[in-house]
>>> print(open('work_2.csv').read())   # CSV, C-alpha atoms and all ligand atoms
chain,number,residue,atom,x,y,z
A,1095,MET,CA,6.4,-2.4,-48.9
A,1096,PRO,CA,7.1,0.1,-46.2
A,1097,THR,CA,3.6,-0.2,-44.6
A,1098,THR,CA,3.9,-3.9,-43.9
A,1099,LYS,CA,7.4,-3.5,-42.5
A,1100,THR,CA,6.3,-0.8,-40.0
A,1101,ALA,CA,3.3,-2.9,-39.0
A,1102,SER,CA,5.4,-6.0,-38.3
A,1103,LYS,CA,8.0,-4.1,-36.5
A,1104,LYS,CA,5.4,-2.6,-34.3
A,1105,ALA,CA,3.8,-5.9,-33.6
A,1106,SER,CA,7.1,-7.5,-32.5
A,1107,ALA,CA,8.1,-4.5,-30.4
A,1108,GLY,CA,4.7,-4.8,-28.7
A,1109,LYS,CA,5.2,-8.4,-27.9
A,1110,MET,CA,8.6,-7.9,-26.4
A,1111,ASP,CA,7.3,-4.9,-24.3
A,1112,ASN,CA,4.5,-7.1,-23.0
A,1113,SER,CA,6.8,-9.6,-21.4
A,1114,LYS,CA,9.0,-6.8,-20.0
A,1115,PHE,CA,5.9,-5.1,-18.6
A,1116,HIS,CA,4.8,-8.3,-17.1
A,1117,GLU,CA,8.2,-8.8,-15.4
A,1118,LEU,CA,8.1,-5.2,-14.1
A,1119,PHE,CA,4.5,-5.8,-12.8
A,1120,VAL,CA,5.5,-9.0,-10.9
A,1121,GLU,CA,8.6,-7.2,-9.4
A,1122,GLU,CA,6.4,-4.4,-8.2
A,1123,LEU,CA,3.9,-6.9,-6.7
A,1124,LYS,CA,6.8,-8.4,-4.7
A,1125,ASP,CA,7.6,-4.9,-3.4
A,1126,ILE,CA,4.1,-4.1,-2.2
A,1127,TYR,CA,3.8,-7.7,-0.8
A,1128,TRP,CA,6.9,-7.1,1.4
A,1129,ALA,CA,5.4,-3.7,2.4
A,1130,GLU,CA,2.1,-5.2,3.5
A,1131,LYS,CA,3.6,-8.0,5.4
A,1132,ASN,CA,5.9,-5.7,7.3
A,1133,LEU,CA,3.0,-3.3,8.0
A,1134,VAL,CA,1.2,-6.2,9.7
A,1135,LYS,CA,4.2,-6.3,12.1
A,1136,ALA,CA,4.6,-2.6,12.5
A,1137,LEU,CA,1.0,-1.4,12.9
A,1138,PRO,CA,0.4,-3.0,16.4
A,1139,LYS,CA,3.2,-0.9,17.8
A,1140,MET,CA,1.7,2.3,16.4
A,1141,GLN,CA,-1.7,1.2,17.7
A,1142,LYS,CA,-0.4,0.6,21.1
A,1143,ALA,CA,1.4,3.9,21.2
A,1144,ALA,CA,-1.7,5.9,20.2
A,1145,THR,CA,-3.1,8.2,22.8
A,1146,SER,CA,-6.7,8.6,21.7
A,1147,ASP,CA,-9.2,5.8,21.4
A,1148,ASP,CA,-10.2,7.1,17.9
A,1149,LEU,CA,-6.7,6.8,16.6
A,1150,SER,CA,-6.2,3.4,18.2
A,1151,THR,CA,-9.4,2.1,16.7
A,1152,CYS,CA,-8.6,3.6,13.3
A,1153,ILE,CA,-5.2,1.8,13.2
A,1154,GLY,CA,-6.6,-1.4,14.6
A,1155,ASN,CA,-9.2,-1.5,11.9
A,1156,HIS,CA,-6.6,-0.9,9.2
A,1157,LEU,CA,-4.4,-3.6,10.7
A,1158,GLU,CA,-7.2,-6.1,10.0
A,1159,GLU,CA,-7.6,-4.7,6.4
A,1160,THR,CA,-3.8,-4.9,6.0
A,1161,LYS,CA,-4.0,-8.7,6.8
A,1162,GLU,CA,-6.6,-8.9,4.0
A,1163,HIS,CA,-4.3,-7.0,1.7
A,1164,VAL,CA,-1.6,-9.6,2.2
A,1165,ALA,CA,-4.1,-12.4,1.5
A,1166,ARG,CA,-5.4,-10.5,-1.6
A,1167,LEU,CA,-1.9,-10.2,-3.0
A,1168,GLU,CA,-1.4,-13.9,-2.5
A,1169,GLU,CA,-4.5,-14.4,-4.6
A,1170,VAL,CA,-3.1,-12.1,-7.2
A,1171,PHE,CA,0.2,-14.1,-7.4
A,1172,GLU,CA,-1.9,-17.3,-7.7
A,1173,LEU,CA,-4.0,-15.8,-10.5
A,1174,LEU,CA,-0.8,-15.0,-12.3
A,1175,GLY,CA,0.5,-18.6,-11.8
A,1176,LYS,CA,3.3,-17.3,-9.5
A,1177,LYS,CA,4.4,-18.3,-6.0
A,1178,PRO,CA,3.9,-15.3,-3.6
A,1179,GLN,CA,7.3,-13.8,-3.1
A,1180,ALA,CA,8.3,-10.7,-1.1
A,1181,LYS,CA,11.1,-8.4,-2.2
A,1182,LYS,CA,12.4,-5.8,0.4
A,1183,CYS,CA,10.7,-2.4,-0.2
A,1184,GLU,CA,13.3,0.2,0.8
A,1185,ALA,CA,10.7,2.9,0.8
A,1186,MET,CA,8.3,1.2,3.2
A,1187,GLU,CA,11.2,0.2,5.4
A,1188,GLY,CA,12.1,3.9,5.7
A,1189,LEU,CA,8.5,4.9,6.3
A,1190,ILE,CA,8.1,2.4,9.1
A,1191,ALA,CA,11.4,3.6,10.6
A,1192,GLU,CA,10.1,7.1,10.5
A,1193,GLY,CA,7.0,6.0,12.4
A,1194,GLN,CA,9.2,4.4,15.1
A,1195,GLU,CA,11.2,7.6,15.3
A,1196,VAL,CA,8.0,9.5,16.1
A,1197,LEU,CA,7.5,7.2,19.0
A,1198,ALA,CA,11.0,7.7,20.2
A,1199,ASP,CA,10.8,11.5,19.8
A,1200,THR,CA,7.5,12.2,21.5
A,1201,GLU,CA,6.1,11.6,25.0
A,1202,ALA,CA,3.5,8.9,25.6
A,1203,ASP,CA,-0.1,10.0,26.2
A,1204,THR,CA,0.2,13.2,24.3
A,1205,ALA,CA,-1.8,14.7,21.4
A,1206,VAL,CA,1.5,15.6,19.8
A,1207,ARG,CA,2.4,11.9,19.6
A,1208,ASP,CA,-0.9,11.2,18.0
A,1209,ALA,CA,-0.3,13.9,15.5
A,1210,GLY,CA,3.1,12.4,14.7
A,1211,ILE,CA,1.6,8.9,14.3
A,1212,ILE,CA,-1.1,10.3,12.0
A,1213,ILE,CA,1.5,12.0,9.8
A,1214,ALA,CA,3.6,8.8,9.6
A,1215,SER,CA,0.6,6.7,8.9
A,1216,GLN,CA,-0.6,9.0,6.1
A,1217,LYS,CA,2.8,8.9,4.5
A,1218,ILE,CA,2.5,5.1,4.5
A,1219,GLU,CA,-1.0,5.2,3.1
A,1220,HIS,CA,0.0,7.5,0.3
A,1221,TYR,CA,2.9,5.2,-0.7
A,1222,GLU,CA,0.4,2.3,-0.9
A,1223,ILE,CA,-2.2,4.4,-2.8
A,1224,SER,CA,0.3,5.2,-5.5
A,1225,ALA,CA,1.6,1.6,-5.7
A,1226,TYR,CA,-1.9,0.1,-6.0
A,1227,GLY,CA,-3.1,2.8,-8.4
A,1228,SER,CA,-0.2,2.1,-10.8
A,1229,LEU,CA,-0.4,-1.6,-10.4
A,1230,ARG,CA,-4.2,-1.6,-11.0
A,1231,THR,CA,-3.7,0.5,-14.2
A,1232,LEU,CA,-0.9,-1.8,-15.4
A,1233,ALA,CA,-3.1,-4.9,-14.7
A,1234,ASN,CA,-5.9,-3.4,-16.7
A,1235,VAL,CA,-3.7,-2.5,-19.7
A,1236,MET,CA,-2.3,-6.0,-19.7
A,1237,GLY,CA,-5.8,-7.5,-19.6
A,1238,HIS,CA,-5.6,-9.0,-16.2
A,1239,THR,CA,-9.1,-8.0,-15.3
A,1240,GLU,CA,-9.5,-10.2,-12.2
A,1241,VAL,CA,-6.2,-9.0,-10.8
A,1242,ALA,CA,-7.1,-5.4,-11.5
A,1243,LYS,CA,-10.3,-5.8,-9.6
A,1244,LEU,CA,-8.5,-7.2,-6.5
A,1245,LEU,CA,-5.9,-4.3,-6.6
A,1246,GLU,CA,-8.7,-1.8,-7.0
A,1247,GLN,CA,-10.5,-3.2,-3.9
A,1248,THR,CA,-7.3,-2.7,-1.8
A,1249,LEU,CA,-6.7,0.7,-3.4
A,1250,GLN,CA,-10.2,1.9,-2.2
A,1251,GLU,CA,-9.4,0.6,1.4
A,1252,GLU,CA,-6.1,2.5,1.4
A,1253,LYS,CA,-7.9,5.7,0.3
A,1254,ASN,CA,-10.6,5.1,2.9
A,1255,ALA,CA,-7.9,4.6,5.7
A,1256,ASP,CA,-6.3,7.9,4.6
A,1257,SER,CA,-9.6,9.8,4.8
A,1258,LEU,CA,-10.3,8.3,8.2
A,1259,LEU,CA,-6.9,9.4,9.5
A,1260,THR,CA,-7.7,13.0,8.3
A,1261,GLU,CA,-11.0,12.8,10.2
A,1262,VAL,CA,-9.2,11.7,13.4
A,1263,ALA,CA,-6.7,14.5,13.0
A,1264,GLU,CA,-9.4,17.1,12.5
A,1265,SER,CA,-11.5,16.0,15.4
A,1266,ALA,CA,-8.5,15.9,17.7
A,1267,ILE,CA,-7.6,19.4,16.8
A,1268,ASN,CA,-11.2,20.5,17.4
A,1269,GLU,CA,-11.2,18.9,20.8
A,1270,GLU,CA,-8.0,20.6,21.7
A,1271,ALA,CA,-9.4,23.9,20.6
A,1272,ALA,CA,-12.6,23.4,22.5
A,1273,ALA,CA,-10.7,22.6,25.7
A,1274,GLU,CA,-8.8,25.9,25.6
B,1,FE,FE,-2.5,-2.1,2.6
>>> encode(input="work_2.csv", output="structure tokens")
Amino acid sequence: MPTTKTASKKASAGKMDNSKFHELFVEELKDIYWAEKNLVKALPKMQKAATSDDLSTCIGNHLEETKEHVARLEEVFELLGKKPQAKKCEAMEGLIAEGQEVLADTEADTAVRDAGIIIASQKIEHYEISAYGSLRTLANVMGHTEVAKLLEQTLQEEKNADSLLTEVAESAINEEAAAE
């Protein structure tokens, strides 16, 4: 009976894929966990180097959110019955290094340095937005509703941080223009 054969083949393939998906999902969680933990260390340097109060406040607020993101990921691991584990994220390491390069290549107390910090920070936010967006979708597909909710919460905060950075950039440019 060809119909039954196809159906059972599909079912077993589905089962196997589920465990592989789960494995991939946990590996990706380890990646973003490493990223968040290292951002907690890197953001204070960026905040300290910022020229404008607006940018410094923006980064400072996001630093507090980032600490929450670390804690939220620990909750995610717990919900999955796993010990929180970080796996080096090469992409985030590179993005953080780029941020430090900006500080080395620009003069302190300049609007140019702020612009560089904003660019580096937004690249970081965009990495996180894509990571959390994909992980949230995967969690939903796998039926991890609680986990998906936590990831969604962080995703919204990353998107919000990105928008706020755009606002800081726009107001800085307007202030420069008004001063001319
Ligand atoms: Fe984050």
>>> closest_residue(input="work_2.csv", among="A:Ala1129, A:Leu1249, A:Met1236, A:Val1170", to="A:Ser1224", atoms="only C-alpha atoms")
A:Leu1249
>>> residues_near_ligand(input="work_2.csv", ligand="ligand FE 1 (chain B)", cutoff="6 Å", atoms="only C-alpha atoms and all ligand atoms", output="compact mmCIF listing (two decimals) with C-alpha atoms, in the frame of the given file")
# COMPACT_ATOMS: atom_id res chain seq x y z
CA GLU A 1130 2.10 -5.20 3.50
CA THR A 1160 -3.80 -4.90 6.00
CA HIS A 1163 -4.30 -7.00 1.70
CA GLU A 1252 -6.10 2.50 1.40
>>> closest_residue(input="work_2.csv", among="A:His1156, A:Arg1230, A:Arg1207, A:Arg1166", to="A:Leu1133", atoms="all atoms listed in the file")
A:His1156
>>> residues_around(input="work_2.csv", residues="A:Thr1260", least_positions_apart="5", cutoff="9 Å", atoms="all atoms listed in the file", output="JSON, numbers by chain")
{"A": [1212, 1216, 1255, 1265]}
>>> write_last_selection(input="work_2.csv", atoms="C-alpha atoms", output="compact mmCIF listing (two decimals), in the coordinates of the input")
# COMPACT_ATOMS: atom_id res chain seq x y z
CA ILE A 1212 -1.10 10.30 12.00
CA GLN A 1216 -0.60 9.00 6.10
CA ALA A 1255 -7.90 4.60 5.70
CA SER A 1265 -11.50 16.00 15.40
>>> residues_around(input="work_2.csv", residues="A:Tyr1221", least_positions_apart="2", cutoff="12 Å", atoms="only C-alpha atoms", output="JSON, numbers by chain")
{"A": [1125, 1126, 1129, 1130, 1183, 1184, 1185, 1186, 1187, 1188, 1189, 1190, 1214, 1215, 1216, 1217, 1218, 1219, 1223, 1224, 1225, 1226, 1227, 1228, 1249, 1252, 1253, 1256]}
>>> write_last_selection(input="work_2.csv", atoms="C-alpha atoms", output="PDB file, keeping the file's coordinate frame")
ATOM      1  CA  ASP A1125       7.600  -4.900  -3.400  1.00  0.00           C
ATOM      2  CA  ILE A1126       4.100  -4.100  -2.200  1.00  0.00           C
ATOM      3  CA  ALA A1129       5.400  -3.700   2.400  1.00  0.00           C
ATOM      4  CA  GLU A1130       2.100  -5.200   3.500  1.00  0.00           C
ATOM      5  CA  CYS A1183      10.700  -2.400  -0.200  1.00  0.00           C
ATOM      6  CA  GLU A1184      13.300   0.200   0.800  1.00  0.00           C
ATOM      7  CA  ALA A1185      10.700   2.900   0.800  1.00  0.00           C
ATOM      8  CA  MET A1186       8.300   1.200   3.200  1.00  0.00           C
ATOM      9  CA  GLU A1187      11.200   0.200   5.400  1.00  0.00           C
ATOM     10  CA  GLY A1188      12.100   3.900   5.700  1.00  0.00           C
ATOM     11  CA  LEU A1189       8.500   4.900   6.300  1.00  0.00           C
ATOM     12  CA  ILE A1190       8.100   2.400   9.100  1.00  0.00           C
ATOM     13  CA  ALA A1214       3.600   8.800   9.600  1.00  0.00           C
ATOM     14  CA  SER A1215       0.600   6.700   8.900  1.00  0.00           C
ATOM     15  CA  GLN A1216      -0.600   9.000   6.100  1.00  0.00           C
ATOM     16  CA  LYS A1217       2.800   8.900   4.500  1.00  0.00           C
ATOM     17  CA  ILE A1218       2.500   5.100   4.500  1.00  0.00           C
ATOM     18  CA  GLU A1219      -1.000   5.200   3.100  1.00  0.00           C
ATOM     19  CA  ILE A1223      -2.200   4.400  -2.800  1.00  0.00           C
ATOM     20  CA  SER A1224       0.300   5.200  -5.500  1.00  0.00           C
ATOM     21  CA  ALA A1225       1.600   1.600  -5.700  1.00  0.00           C
ATOM     22  CA  TYR A1226      -1.900   0.100  -6.000  1.00  0.00           C
ATOM     23  CA  GLY A1227      -3.100   2.800  -8.400  1.00  0.00           C
ATOM     24  CA  SER A1228      -0.200   2.100 -10.800  1.00  0.00           C
ATOM     25  CA  LEU A1249      -6.700   0.700  -3.400  1.00  0.00           C
ATOM     26  CA  GLU A1252      -6.100   2.500   1.400  1.00  0.00           C
ATOM     27  CA  LYS A1253      -7.900   5.700   0.300  1.00  0.00           C
ATOM     28  CA  ASP A1256      -6.300   7.900   4.600  1.00  0.00           C
TER      29      ASP A1256
END
>>> atom_distance(input="work_2.csv", atom1="atom CA of A:Leu1118", atom2="atom CA of A:Gln1179")
14.0 Å
>>> closest_residue(input="work_2.csv", among="A:Ala1209, A:Trp1128, A:Val1196, A:Leu1174", to="A:Gly1237", atoms="all atoms listed in the file")
A:Leu1174
>>> atom_distance(input="work_2.csv", atom1="atom CA of A:Glu1172", atom2="atom CA of A:Lys1135")
23.5 Å
>>> closest_residue(input="work_2.csv", among="A:Ala1165, A:Leu1229, A:Ala1180, A:Cys1152", to="A:Asp1208", atoms="only C-alpha atoms")
A:Cys1152
>>> atom_distance(input="work_2.csv", atom1="atom CA of A:Asp1203", atom2="atom CA of A:Gly1154")
17.5 Å
>>> residues_around(input="work_2.csv", residues="A:Ile1153", least_positions_apart="6", cutoff="10 Å", atoms="only C-alpha atoms", output="list of chain:residue names")
A:Leu1137, A:Pro1138, A:Lys1139, A:Met1140, A:Gln1141, A:Lys1142, A:Ala1144, A:Asp1147, A:Glu1159, A:Thr1160, A:Ile1211, A:Ile1212, A:Ser1215, A:Ala1255, A:Leu1258, A:Leu1259
>>> closest_residue(input="work_2.csv", among="A:Val1164, A:Leu1157, A:Ala1191, A:Val1206", to="A:Leu1123", atoms="all atoms listed in the file")
A:Val1164
>>> decode(input="work_2.csv", residues="stretch 1174-1210 of chain A", atoms="N, CA, C and O atoms", output="PDB file, in the first residue's frame")
ATOM      1  N   LEU A1174      14.260  24.458  29.042  1.00  0.00           N
ATOM      2  CA  LEU A1174      14.579  23.347  28.139  1.00  0.00           C
ATOM      3  C   LEU A1174      15.285  22.197  28.883  1.00  0.00           C
ATOM      4  O   LEU A1174      15.679  21.203  28.280  1.00  0.00           O
ATOM      5  N   GLY A1175      15.483  22.395  30.197  1.00  0.00           N
ATOM      6  CA  GLY A1175      16.146  21.375  31.007  1.00  0.00           C
ATOM      7  C   GLY A1175      17.639  21.289  30.740  1.00  0.00           C
ATOM      8  O   GLY A1175      18.264  20.239  30.910  1.00  0.00           O
ATOM      9  N   LYS A1176      18.218  22.430  30.322  1.00  0.00           N
ATOM     10  CA  LYS A1176      19.658  22.441  30.012  1.00  0.00           C
ATOM     11  C   LYS A1176      20.385  23.400  30.949  1.00  0.00           C
ATOM     12  O   LYS A1176      19.798  24.388  31.410  1.00  0.00           O
ATOM     13  N   LYS A1177      21.668  23.134  31.151  1.00  0.00           N
ATOM     14  CA  LYS A1177      22.496  24.057  31.905  1.00  0.00           C
ATOM     15  C   LYS A1177      22.910  25.183  30.961  1.00  0.00           C
ATOM     16  O   LYS A1177      23.292  24.903  29.818  1.00  0.00           O
ATOM     17  N   PRO A1178      22.845  26.455  31.388  1.00  0.00           N
ATOM     18  CA  PRO A1178      23.264  27.540  30.494  1.00  0.00           C
ATOM     19  C   PRO A1178      24.719  27.369  30.085  1.00  0.00           C
ATOM     20  O   PRO A1178      25.581  27.167  30.933  1.00  0.00           O
ATOM     21  N   GLN A1179      24.947  27.412  28.805  1.00  0.00           N
ATOM     22  CA  GLN A1179      26.302  27.201  28.295  1.00  0.00           C
ATOM     23  C   GLN A1179      26.548  28.187  27.161  1.00  0.00           C
ATOM     24  O   GLN A1179      25.690  28.353  26.292  1.00  0.00           O
ATOM     25  N   ALA A1180      27.719  28.824  27.186  1.00  0.00           N
ATOM     26  CA  ALA A1180      28.057  29.789  26.136  1.00  0.00           C
ATOM     27  C   ALA A1180      29.016  29.158  25.135  1.00  0.00           C
ATOM     28  O   ALA A1180      29.900  28.388  25.519  1.00  0.00           O
ATOM     29  N   LYS A1181      28.805  29.461  23.877  1.00  0.00           N
ATOM     30  CA  LYS A1181      29.725  28.994  22.827  1.00  0.00           C
ATOM     31  C   LYS A1181      30.173  30.231  22.062  1.00  0.00           C
ATOM     32  O   LYS A1181      29.334  31.028  21.632  1.00  0.00           O
ATOM     33  N   LYS A1182      31.461  30.394  21.924  1.00  0.00           N
ATOM     34  CA  LYS A1182      31.992  31.610  21.309  1.00  0.00           C
ATOM     35  C   LYS A1182      31.291  31.967  19.996  1.00  0.00           C
ATOM     36  O   LYS A1182      31.205  31.145  19.082  1.00  0.00           O
ATOM     37  N   CYS A1183      30.810  33.185  19.940  1.00  0.00           N
ATOM     38  CA  CYS A1183      30.150  33.693  18.742  1.00  0.00           C
ATOM     39  C   CYS A1183      31.156  34.538  17.964  1.00  0.00           C
ATOM     40  O   CYS A1183      31.485  35.650  18.370  1.00  0.00           O
ATOM     41  N   GLU A1184      31.651  33.978  16.879  1.00  0.00           N
ATOM     42  CA  GLU A1184      32.688  34.665  16.089  1.00  0.00           C
ATOM     43  C   GLU A1184      32.178  35.995  15.553  1.00  0.00           C
ATOM     44  O   GLU A1184      32.899  36.989  15.514  1.00  0.00           O
ATOM     45  N   ALA A1185      30.913  36.004  15.140  1.00  0.00           N
ATOM     46  CA  ALA A1185      30.332  37.231  14.562  1.00  0.00           C
ATOM     47  C   ALA A1185      30.325  38.349  15.599  1.00  0.00           C
ATOM     48  O   ALA A1185      30.753  39.474  15.313  1.00  0.00           O
ATOM     49  N   MET A1186      29.851  38.037  16.809  1.00  0.00           N
ATOM     50  CA  MET A1186      29.781  39.092  17.826  1.00  0.00           C
ATOM     51  C   MET A1186      31.166  39.524  18.263  1.00  0.00           C
ATOM     52  O   MET A1186      31.400  40.705  18.525  1.00  0.00           O
ATOM     53  N   GLU A1187      32.090  38.574  18.309  1.00  0.00           N
ATOM     54  CA  GLU A1187      33.463  38.954  18.649  1.00  0.00           C
ATOM     55  C   GLU A1187      33.984  39.985  17.640  1.00  0.00           C
ATOM     56  O   GLU A1187      34.597  40.985  18.015  1.00  0.00           O
ATOM     57  N   GLY A1188      33.698  39.749  16.370  1.00  0.00           N
ATOM     58  CA  GLY A1188      34.122  40.670  15.311  1.00  0.00           C
ATOM     59  C   GLY A1188      33.424  42.014  15.415  1.00  0.00           C
ATOM     60  O   GLY A1188      34.057  43.066  15.244  1.00  0.00           O
ATOM     61  N   LEU A1189      32.140  42.001  15.714  1.00  0.00           N
ATOM     62  CA  LEU A1189      31.382  43.250  15.821  1.00  0.00           C
ATOM     63  C   LEU A1189      31.858  44.084  17.012  1.00  0.00           C
ATOM     64  O   LEU A1189      31.976  45.312  16.919  1.00  0.00           O
ATOM     65  N   ILE A1190      32.174  43.405  18.117  1.00  0.00           N
ATOM     66  CA  ILE A1190      32.693  44.121  19.291  1.00  0.00           C
ATOM     67  C   ILE A1190      34.072  44.703  18.968  1.00  0.00           C
ATOM     68  O   ILE A1190      34.371  45.847  19.318  1.00  0.00           O
ATOM     69  N   ALA A1191      34.883  43.927  18.250  1.00  0.00           N
ATOM     70  CA  ALA A1191      36.222  44.409  17.851  1.00  0.00           C
ATOM     71  C   ALA A1191      36.100  45.633  16.946  1.00  0.00           C
ATOM     72  O   ALA A1191      36.881  46.587  17.064  1.00  0.00           O
ATOM     73  N   GLU A1192      35.113  45.625  16.070  1.00  0.00           N
ATOM     74  CA  GLU A1192      34.885  46.794  15.201  1.00  0.00           C
ATOM     75  C   GLU A1192      34.544  48.026  16.023  1.00  0.00           C
ATOM     76  O   GLU A1192      34.983  49.137  15.718  1.00  0.00           O
ATOM     77  N   GLY A1193      33.749  47.830  17.059  1.00  0.00           N
ATOM     78  CA  GLY A1193      33.386  48.931  17.950  1.00  0.00           C
ATOM     79  C   GLY A1193      34.621  49.505  18.631  1.00  0.00           C
ATOM     80  O   GLY A1193      34.769  50.726  18.757  1.00  0.00           O
ATOM     81  N   GLN A1194      35.534  48.617  19.033  1.00  0.00           N
ATOM     82  CA  GLN A1194      36.758  49.085  19.695  1.00  0.00           C
ATOM     83  C   GLN A1194      37.676  49.803  18.712  1.00  0.00           C
ATOM     84  O   GLN A1194      38.368  50.747  19.075  1.00  0.00           O
ATOM     85  N   GLU A1195      37.626  49.349  17.462  1.00  0.00           N
ATOM     86  CA  GLU A1195      38.406  50.002  16.410  1.00  0.00           C
ATOM     87  C   GLU A1195      37.946  51.450  16.214  1.00  0.00           C
ATOM     88  O   GLU A1195      38.758  52.350  16.004  1.00  0.00           O
ATOM     89  N   VAL A1196      36.636  51.644  16.287  1.00  0.00           N
ATOM     90  CA  VAL A1196      36.081  52.996  16.145  1.00  0.00           C
ATOM     91  C   VAL A1196      36.688  53.914  17.205  1.00  0.00           C
ATOM     92  O   VAL A1196      37.082  55.049  16.912  1.00  0.00           O
ATOM     93  N   LEU A1197      36.785  53.382  18.421  1.00  0.00           N
ATOM     94  CA  LEU A1197      37.337  54.198  19.504  1.00  0.00           C
ATOM     95  C   LEU A1197      38.810  54.516  19.252  1.00  0.00           C
ATOM     96  O   LEU A1197      39.282  55.604  19.563  1.00  0.00           O
ATOM     97  N   ALA A1198      39.530  53.560  18.682  1.00  0.00           N
ATOM     98  CA  ALA A1198      40.951  53.777  18.404  1.00  0.00           C
ATOM     99  C   ALA A1198      41.148  54.757  17.251  1.00  0.00           C
ATOM    100  O   ALA A1198      42.129  55.513  17.223  1.00  0.00           O
ATOM    101  N   ASP A1199      40.209  54.753  16.310  1.00  0.00           N
ATOM    102  CA  ASP A1199      40.371  55.543  15.087  1.00  0.00           C
ATOM    103  C   ASP A1199      39.762  56.947  15.141  1.00  0.00           C
ATOM    104  O   ASP A1199      39.900  57.718  14.194  1.00  0.00           O
ATOM    105  N   THR A1200      39.038  57.270  16.205  1.00  0.00           N
ATOM    106  CA  THR A1200      38.402  58.592  16.280  1.00  0.00           C
ATOM    107  C   THR A1200      38.873  59.340  17.511  1.00  0.00           C
ATOM    108  O   THR A1200      39.354  58.746  18.483  1.00  0.00           O
ATOM    109  N   GLU A1201      38.736  60.655  17.454  1.00  0.00           N
ATOM    110  CA  GLU A1201      39.151  61.478  18.596  1.00  0.00           C
ATOM    111  C   GLU A1201      38.052  61.526  19.639  1.00  0.00           C
ATOM    112  O   GLU A1201      36.858  61.541  19.300  1.00  0.00           O
ATOM    113  N   ALA A1202      38.488  61.599  20.898  1.00  0.00           N
ATOM    114  CA  ALA A1202      37.527  61.701  22.000  1.00  0.00           C
ATOM    115  C   ALA A1202      36.755  63.012  21.902  1.00  0.00           C
ATOM    116  O   ALA A1202      37.246  63.990  21.321  1.00  0.00           O
ATOM    117  N   ASP A1203      35.547  63.025  22.470  1.00  0.00           N
ATOM    118  CA  ASP A1203      34.700  64.226  22.513  1.00  0.00           C
ATOM    119  C   ASP A1203      34.379  64.798  21.139  1.00  0.00           C
ATOM    120  O   ASP A1203      34.363  66.016  20.964  1.00  0.00           O
ATOM    121  N   THR A1204      34.165  63.943  20.187  1.00  0.00           N
ATOM    122  CA  THR A1204      33.769  64.439  18.865  1.00  0.00           C
ATOM    123  C   THR A1204      32.454  63.777  18.428  1.00  0.00           C
ATOM    124  O   THR A1204      32.147  62.654  18.850  1.00  0.00           O
ATOM    125  N   ALA A1205      31.731  64.517  17.580  1.00  0.00           N
ATOM    126  CA  ALA A1205      30.476  63.987  17.035  1.00  0.00           C
ATOM    127  C   ALA A1205      30.772  62.813  16.100  1.00  0.00           C
ATOM    128  O   ALA A1205      29.951  61.904  15.950  1.00  0.00           O
ATOM    129  N   VAL A1206      31.960  62.843  15.494  1.00  0.00           N
ATOM    130  CA  VAL A1206      32.352  61.756  14.594  1.00  0.00           C
ATOM    131  C   VAL A1206      32.481  60.441  15.370  1.00  0.00           C
ATOM    132  O   VAL A1206      32.019  59.390  14.921  1.00  0.00           O
ATOM    133  N   ARG A1207      33.082  60.525  16.548  1.00  0.00           N
ATOM    134  CA  ARG A1207      33.203  59.314  17.373  1.00  0.00           C
ATOM    135  C   ARG A1207      31.806  58.775  17.706  1.00  0.00           C
ATOM    136  O   ARG A1207      31.562  57.574  17.611  1.00  0.00           O
ATOM    137  N   ASP A1208      30.904  59.679  18.059  1.00  0.00           N
ATOM    138  CA  ASP A1208      29.538  59.233  18.373  1.00  0.00           C
ATOM    139  C   ASP A1208      28.894  58.535  17.177  1.00  0.00           C
ATOM    140  O   ASP A1208      28.242  57.501  17.330  1.00  0.00           O
ATOM    141  N   ALA A1209      29.092  59.130  16.004  1.00  0.00           N
ATOM    142  CA  ALA A1209      28.519  58.518  14.794  1.00  0.00           C
ATOM    143  C   ALA A1209      29.087  57.108  14.609  1.00  0.00           C
ATOM    144  O   ALA A1209      28.355  56.164  14.290  1.00  0.00           O
ATOM    145  N   GLY A1210      30.390  56.970  14.836  1.00  0.00           N
ATOM    146  CA  GLY A1210      31.039  55.655  14.710  1.00  0.00           C
ATOM    147  C   GLY A1210      30.492  54.660  15.730  1.00  0.00           C
ATOM    148  O   GLY A1210      30.246  53.491  15.408  1.00  0.00           O
TER     149      GLY A1210
END
